[in-house]
$ cat upload16.cif   # mmCIF, C-alpha atoms
data_data
#
loop_
_atom_site.label_atom_id
_atom_site.label_comp_id
_atom_site.auth_asym_id
_atom_site.auth_seq_id
_atom_site.Cartn_x
_atom_site.Cartn_y
_atom_site.Cartn_z
CA MET A 105 -50.60 -32.37 67.17
CA ALA A 106 -47.81 -34.49 65.67
CA ASP A 107 -47.86 -32.36 62.51
CA LEU A 108 -47.36 -29.22 64.59
CA ILE A 109 -44.31 -30.70 66.35
CA VAL A 110 -42.77 -31.81 63.05
CA THR A 111 -43.32 -28.35 61.57
CA LEU A 112 -41.75 -26.66 64.60
CA LEU A 113 -38.74 -28.99 64.38
CA LYS A 114 -38.32 -28.15 60.68
CA VAL A 115 -38.44 -24.41 61.40
CA ALA A 116 -35.96 -24.76 64.28
CA PHE A 117 -33.60 -26.79 62.08
CA LEU A 118 -33.76 -24.18 59.32
CA ALA A 119 -33.11 -21.39 61.82
CA VAL A 120 -30.01 -23.17 63.16
CA LEU A 121 -28.84 -23.91 59.62
CA TRP A 122 -29.14 -20.24 58.61
CA LEU A 123 -27.35 -19.16 61.78
CA PHE A 124 -24.47 -21.48 60.87
CA VAL A 125 -24.31 -20.13 57.28
CA LEU A 126 -24.24 -16.53 58.55
CA LEU A 127 -21.51 -17.38 61.06
CA VAL A 128 -19.35 -18.97 58.34
CA ALA A 129 -19.92 -15.99 56.02
CA ASN A 130 -18.86 -13.60 58.81
CA VAL A 131 -15.64 -15.54 59.44
CA ILE A 132 -14.79 -15.51 55.73
CA ARG A 133 -15.57 -11.80 55.44
CA THR A 134 -13.44 -11.00 58.49
CA ASP A 135 -10.49 -13.02 57.20
CA LEU A 136 -10.58 -11.55 53.72
CA PHE A 137 -11.44 -7.91 54.36
CA ARG A 138 -10.28 -7.05 57.86
CA ALA A 139 -8.12 -4.01 58.42
CA ALA A 140 -4.60 -4.60 59.67
CA PRO A 141 -4.45 -4.76 63.49
CA ALA A 142 -2.73 -1.96 65.40
CA GLY A 143 1.02 -2.37 65.44
CA VAL A 144 1.20 -4.16 62.10
CA PRO A 145 4.24 -3.09 60.08
CA GLY A 146 2.09 -1.61 57.29
CA ASP A 147 0.76 1.12 59.62
CA ALA A 148 4.15 2.04 61.05
CA LYS A 149 5.75 2.06 57.61
CA ASP A 150 3.58 4.99 56.48
CA LYS A 151 4.58 7.07 59.52
CA ARG A 152 8.29 6.37 59.07
CA ALA A 153 8.29 7.19 55.36
CA ALA A 154 7.98 10.90 56.17
CA ARG A 155 11.17 11.02 58.25
CA SER A 156 13.39 8.64 56.17
CA PRO A 157 15.90 7.30 58.74
CA GLU A 158 19.51 6.67 57.85
CA PRO A 159 20.17 3.14 56.60
CA ARG A 160 21.53 0.89 59.31
CA LYS A 161 24.68 -1.11 58.64
CA ARG A 162 24.25 -4.87 58.76
CA SER A 163 26.74 -7.14 60.42
CA LYS A 164 28.35 -10.04 58.56
CA HIS A 165 26.35 -12.63 60.49
CA GLU A 166 22.97 -10.96 60.18
CA ALA A 167 20.32 -12.75 58.11
CA LYS A 168 19.78 -11.18 54.69
CA VAL A 169 17.64 -13.76 52.85
CA LEU A 170 14.45 -15.68 53.56
CA ALA A 171 14.68 -19.08 51.86
CA ILE A 172 11.51 -21.11 51.29
CA ASP A 173 12.28 -24.83 51.61
CA THR A 174 8.88 -26.54 51.24
CA GLY A 175 5.42 -25.59 50.12
CA PRO A 176 3.95 -24.15 46.91
CA GLN A 177 6.86 -21.69 46.49
CA ALA A 178 9.72 -24.02 47.42
CA GLY A 179 13.11 -22.82 46.18
CA THR A 180 12.23 -19.12 46.34
CA ARG A 181 14.73 -16.81 48.03
CA LEU A 182 13.71 -13.31 49.11
CA ALA A 183 15.93 -10.42 50.17
CA LEU A 184 14.88 -9.28 53.65
CA VAL A 185 13.76 -5.73 54.37
CA ASP A 186 13.38 -4.22 57.85
CA GLU A 187 9.82 -5.46 58.28
CA PHE A 188 7.10 -7.07 56.22
CA ARG A 189 3.89 -9.05 56.46
CA ILE A 190 3.34 -12.62 55.30
CA GLY A 191 -0.06 -13.95 54.28
CA ARG A 192 -2.51 -14.71 51.51
CA SER A 193 -3.62 -11.09 51.02
CA ALA A 194 -2.29 -9.08 48.07
CA GLU A 195 -1.19 -6.33 50.52
CA CYS A 196 1.39 -8.67 52.10
CA ALA A 197 5.03 -8.42 51.03
CA LEU A 198 5.28 -12.23 50.89
CA VAL A 199 2.09 -13.71 49.44
CA LEU A 200 1.70 -17.43 50.15
CA ASP A 201 -0.84 -19.22 47.96
CA ASP A 202 -1.85 -21.74 50.62
CA ASP A 203 -5.29 -22.60 52.02
CA TYR A 204 -3.80 -22.86 55.52
CA VAL A 205 -2.51 -19.26 55.49
CA SER A 206 -4.67 -16.34 56.69
CA GLY A 207 -5.03 -13.05 54.82
CA ASP A 208 -2.63 -11.29 57.20
CA HIS A 209 -0.91 -14.23 58.84
CA ALA A 210 2.36 -13.04 60.39
CA SER A 211 4.92 -10.27 60.35
CA LEU A 212 8.70 -10.51 60.35
CA ALA A 213 10.63 -7.50 61.62
CA ARG A 214 14.25 -6.68 62.40
CA ARG A 215 15.05 -5.16 65.79
CA ALA A 216 17.67 -2.46 66.27
CA ASN A 217 20.16 -5.09 67.49
CA GLY A 218 19.76 -7.09 64.26
CA ASP A 219 17.55 -9.88 65.64
CA TRP A 220 14.58 -10.96 63.53
CA VAL A 221 11.25 -11.27 65.33
CA VAL A 222 8.21 -13.13 64.00
CA THR A 223 4.74 -12.15 65.27
CA ASP A 224 1.55 -14.08 64.57
CA LEU A 225 -1.22 -11.64 63.57
CA GLY A 226 -4.11 -13.67 64.94
CA SER A 227 -4.02 -16.33 62.25
CA THR A 228 -6.35 -19.30 62.34
CA ASN A 229 -3.76 -22.05 61.86
CA GLY A 230 -0.84 -20.43 63.67
CA THR A 231 2.80 -19.61 63.00
CA PHE A 232 5.48 -22.05 64.15
CA VAL A 233 9.18 -21.65 64.99
CA ASN A 234 10.91 -25.03 65.29
CA GLU A 235 7.41 -26.64 65.37
CA VAL A 236 6.42 -24.61 68.46
CA ARG A 237 3.41 -22.34 67.98
CA VAL A 238 4.21 -18.63 68.28
CA VAL A 239 1.97 -16.93 70.87
CA THR A 240 4.17 -13.90 71.57
CA PRO A 241 6.72 -12.14 69.33
CA THR A 242 9.55 -14.66 68.95
CA VAL A 243 13.18 -14.17 67.89
CA VAL A 244 14.12 -16.20 64.80
CA THR A 245 17.73 -17.03 63.93
CA ALA A 246 19.38 -18.67 60.91
CA SER A 247 19.33 -22.02 62.74
CA ASP A 248 15.53 -21.88 63.26
CA SER A 249 12.80 -23.24 61.04
CA LEU A 250 9.74 -21.03 60.41
CA ARG A 251 6.48 -22.66 59.26
CA ILE A 252 3.38 -20.83 58.06
CA GLY A 253 0.69 -23.12 56.69
CA ARG A 254 2.40 -25.76 54.56
CA THR A 255 5.35 -23.45 53.81
CA GLN A 256 8.62 -24.12 55.62
CA MET A 257 11.23 -21.34 55.51
CA ARG A 258 14.46 -20.24 57.15
CA LEU A 259 16.71 -17.19 57.43
CA GLU A 260 20.08 -17.22 55.68
CA THR A 261 23.10 -14.96 56.14
#
$ encode --input "upload16.cif" --output "structure tokens"
Amino acid sequence: MADLIVTLLKVAFLAVLWLFVLLVANVIRTDLFRAAPAGVPGDAKDKRAARSPEPRKRSKHEAKVLAIDTGPQAGTRLALVDEFRIGRSAECALVLDDDYVSGDHASLARRANGDWVVTDLGSTNGTFVNEVRVVTPTVVTASDSLRIGRTQMRLET
């Protein structure tokens, strides 16, 4: 009788262990190979390419550069375009080589009035503006600090 109980416990333990392994594999697969969610700049970009809008004039005080202050790519400065995605995936405009960054982590887009808005794309570790986690699209200014994973960045005019 005792041997039967021990055998059943072993089988139950193995079943739970395999369930855990499958769950972890599913999370990794979803993070690496998921399609971009609806409303992500990559989808809208394809639709707008056909109609090629007139370039919008920028004001003097509008941010034009994204400066990376800390993290693996510290010191990098990137010219800003109307909208782009940030993440670990090769499809992102800004690829961050950081274990704390999701495949498609966040998007940064310019509104018609010139404001920059950061949107978290369902990342695991979150996107932070001035050390406050972004849960809805949030306006980012040159005086704000933007953190994704271990990378700290800011907008510059």
$ atom_distance --input "upload16.cif" --atom1 "atom CA of Val169 of chain A" --atom2 "atom CA of His209 of chain A"
19.5 Å
$ residues_around --input "upload16.cif" --residues "Ser227 of chain A" --least-positions-apart "5" --cutoff "8 Å" --atoms "all atoms listed in the file" --output "list of chain:residue names"
A:Val205, A:Ser206, A:Asp208, A:His209, A:Ala210
$ write_last_selection --input "upload16.cif" --atoms "C-alpha atoms" --output "PDB file, keeping the file's coordinate frame"
ATOM      1  CA  VAL A 205      -2.510 -19.260  55.490  1.00  0.00           C
ATOM      2  CA  SER A 206      -4.670 -16.340  56.690  1.00  0.00           C
ATOM      3  CA  ASP A 208      -2.630 -11.290  57.200  1.00  0.00           C
ATOM      4  CA  HIS A 209      -0.910 -14.230  58.840  1.00  0.00           C
ATOM      5  CA  ALA A 210       2.360 -13.040  60.390  1.00  0.00           C
TER       6      ALA A 210
END
$ residues_around --input "upload16.cif" --residues "Arg251 of chain A" --least-positions-apart "5" --cutoff "9 Å" --atoms "all atoms listed in the file" --output "PyMOL selection string"
chain A and resi 230-235+256-258
$ atom_distance --input "upload16.cif" --atom1 "atom CA of Pro176 of chain A" --atom2 "atom CA of Ile190 of chain A"
14.3 Å
$ atom_distance --input "upload16.cif" --atom1 "atom CA of Asp224 of chain A" --atom2 "atom CA of Thr240 of chain A"
7.5 Å
$ resolve_selection --input "upload16.cif" --expression "the PyMOL selection byres ((chain A and resi 192-201) around 10)" --output "compact mmCIF listing (two decimals) with C-alpha atoms, in the coordinates of the input"
# COMPACT_ATOMS: atom_id res chain seq x y z
CA ASP A 135 -10.49 -13.02 57.20
CA LEU A 136 -10.58 -11.55 53.72
CA PHE A 137 -11.44 -7.91 54.36
CA ALA A 140 -4.60 -4.60 59.67
CA GLY A 146 2.09 -1.61 57.29
CA GLY A 175 5.42 -25.59 50.12
CA PRO A 176 3.95 -24.15 46.91
CA GLN A 177 6.86 -21.69 46.49
CA LEU A 182 13.71 -13.31 49.11
CA VAL A 185 13.76 -5.73 54.37
CA GLU A 187 9.82 -5.46 58.28
CA PHE A 188 7.10 -7.07 56.22
CA ARG A 189 3.89 -9.05 56.46
CA ILE A 190 3.34 -12.62 55.30
CA GLY A 191 -0.06 -13.95 54.28
CA ASP A 202 -1.85 -21.74 50.62
CA ASP A 203 -5.29 -22.60 52.02
CA TYR A 204 -3.80 -22.86 55.52
CA VAL A 205 -2.51 -19.26 55.49
CA SER A 206 -4.67 -16.34 56.69
CA GLY A 207 -5.03 -13.05 54.82
CA ASP A 208 -2.63 -11.29 57.20
CA HIS A 209 -0.91 -14.23 58.84
CA ALA A 210 2.36 -13.04 60.39
CA SER A 211 4.92 -10.27 60.35
CA ILE A 252 3.38 -20.83 58.06
CA GLY A 253 0.69 -23.12 56.69
CA ARG A 254 2.40 -25.76 54.56
CA THR A 255 5.35 -23.45 53.81
$ closest_residue --input "upload16.cif" --among "A:Ala119, A:Thr228, A:Leu112, A:Ala171" --to "Val131 of chain A" --atoms "all atoms listed in the file"
A:Thr228
$ residues_near_point --input "upload16.cif" --point "(16.2, -10.4, 63.1)" --cutoff "12 Å" --atoms "all atoms listed in the file" --output "JSON list (two decimals) with C-alpha atoms, in the coordinates of the input"
[["chain", "number", "residue", "atom", "x", "y", "z"],
["A", 162, "ARG", "CA", 24.25, -4.87, 58.76],
["A", 163, "SER", "CA", 26.74, -7.14, 60.42],
["A", 165, "HIS", "CA", 26.35, -12.63, 60.49],
["A", 166, "GLU", "CA", 22.97, -10.96, 60.18],
["A", 167, "ALA", "CA", 20.32, -12.75, 58.11],
["A", 168, "LYS", "CA", 19.78, -11.18, 54.69],
["A", 169, "VAL", "CA", 17.64, -13.76, 52.85],
["A", 170, "LEU", "CA", 14.45, -15.68, 53.56],
["A", 184, "LEU", "CA", 14.88, -9.28, 53.65],
["A", 185, "VAL", "CA", 13.76, -5.73, 54.37],
["A", 186, "ASP", "CA", 13.38, -4.22, 57.85],
["A", 187, "GLU", "CA", 9.82, -5.46, 58.28],
["A", 188, "PHE", "CA", 7.10, -7.07, 56.22],
["A", 211, "SER", "CA", 4.92, -10.27, 60.35],
["A", 212, "LEU", "CA", 8.70, -10.51, 60.35],
["A", 213, "ALA", "CA", 10.63, -7.50, 61.62],
["A", 214, "ARG", "CA", 14.25, -6.68, 62.40],
["A", 215, "ARG", "CA", 15.05, -5.16, 65.79],
["A", 216, "ALA", "CA", 17.67, -2.46, 66.27],
["A", 217, "ASN", "CA", 20.16, -5.09, 67.49],
["A", 218, "GLY", "CA", 19.76, -7.09, 64.26],
["A", 219, "ASP", "CA", 17.55, -9.88, 65.64],
["A", 220, "TRP", "CA", 14.58, -10.96, 63.53],
["A", 221, "VAL", "CA", 11.25, -11.27, 65.33],
["A", 222, "VAL", "CA", 8.21, -13.13, 64.00],
["A", 223, "THR", "CA", 4.74, -12.15, 65.27],
["A", 241, "PRO", "CA", 6.72, -12.14, 69.33],
["A", 242, "THR", "CA", 9.55, -14.66, 68.95],
["A", 243, "VAL", "CA", 13.18, -14.17, 67.89],
["A", 244, "VAL", "CA", 14.12, -16.20, 64.80],
["A", 245, "THR", "CA", 17.73, -17.03, 63.93],
["A", 246, "ALA", "CA", 19.38, -18.67, 60.91],
["A", 248, "ASP", "CA", 15.53, -21.88, 63.26],
["A", 258, "ARG", "CA", 14.46, -20.24, 57.15],
["A", 259, "LEU", "CA", 16.71, -17.19, 57.43],
["A", 260, "GLU", "CA", 20.08, -17.22, 55.68],
["A", 261, "THR", "CA", 23.10, -14.96, 56.14]]
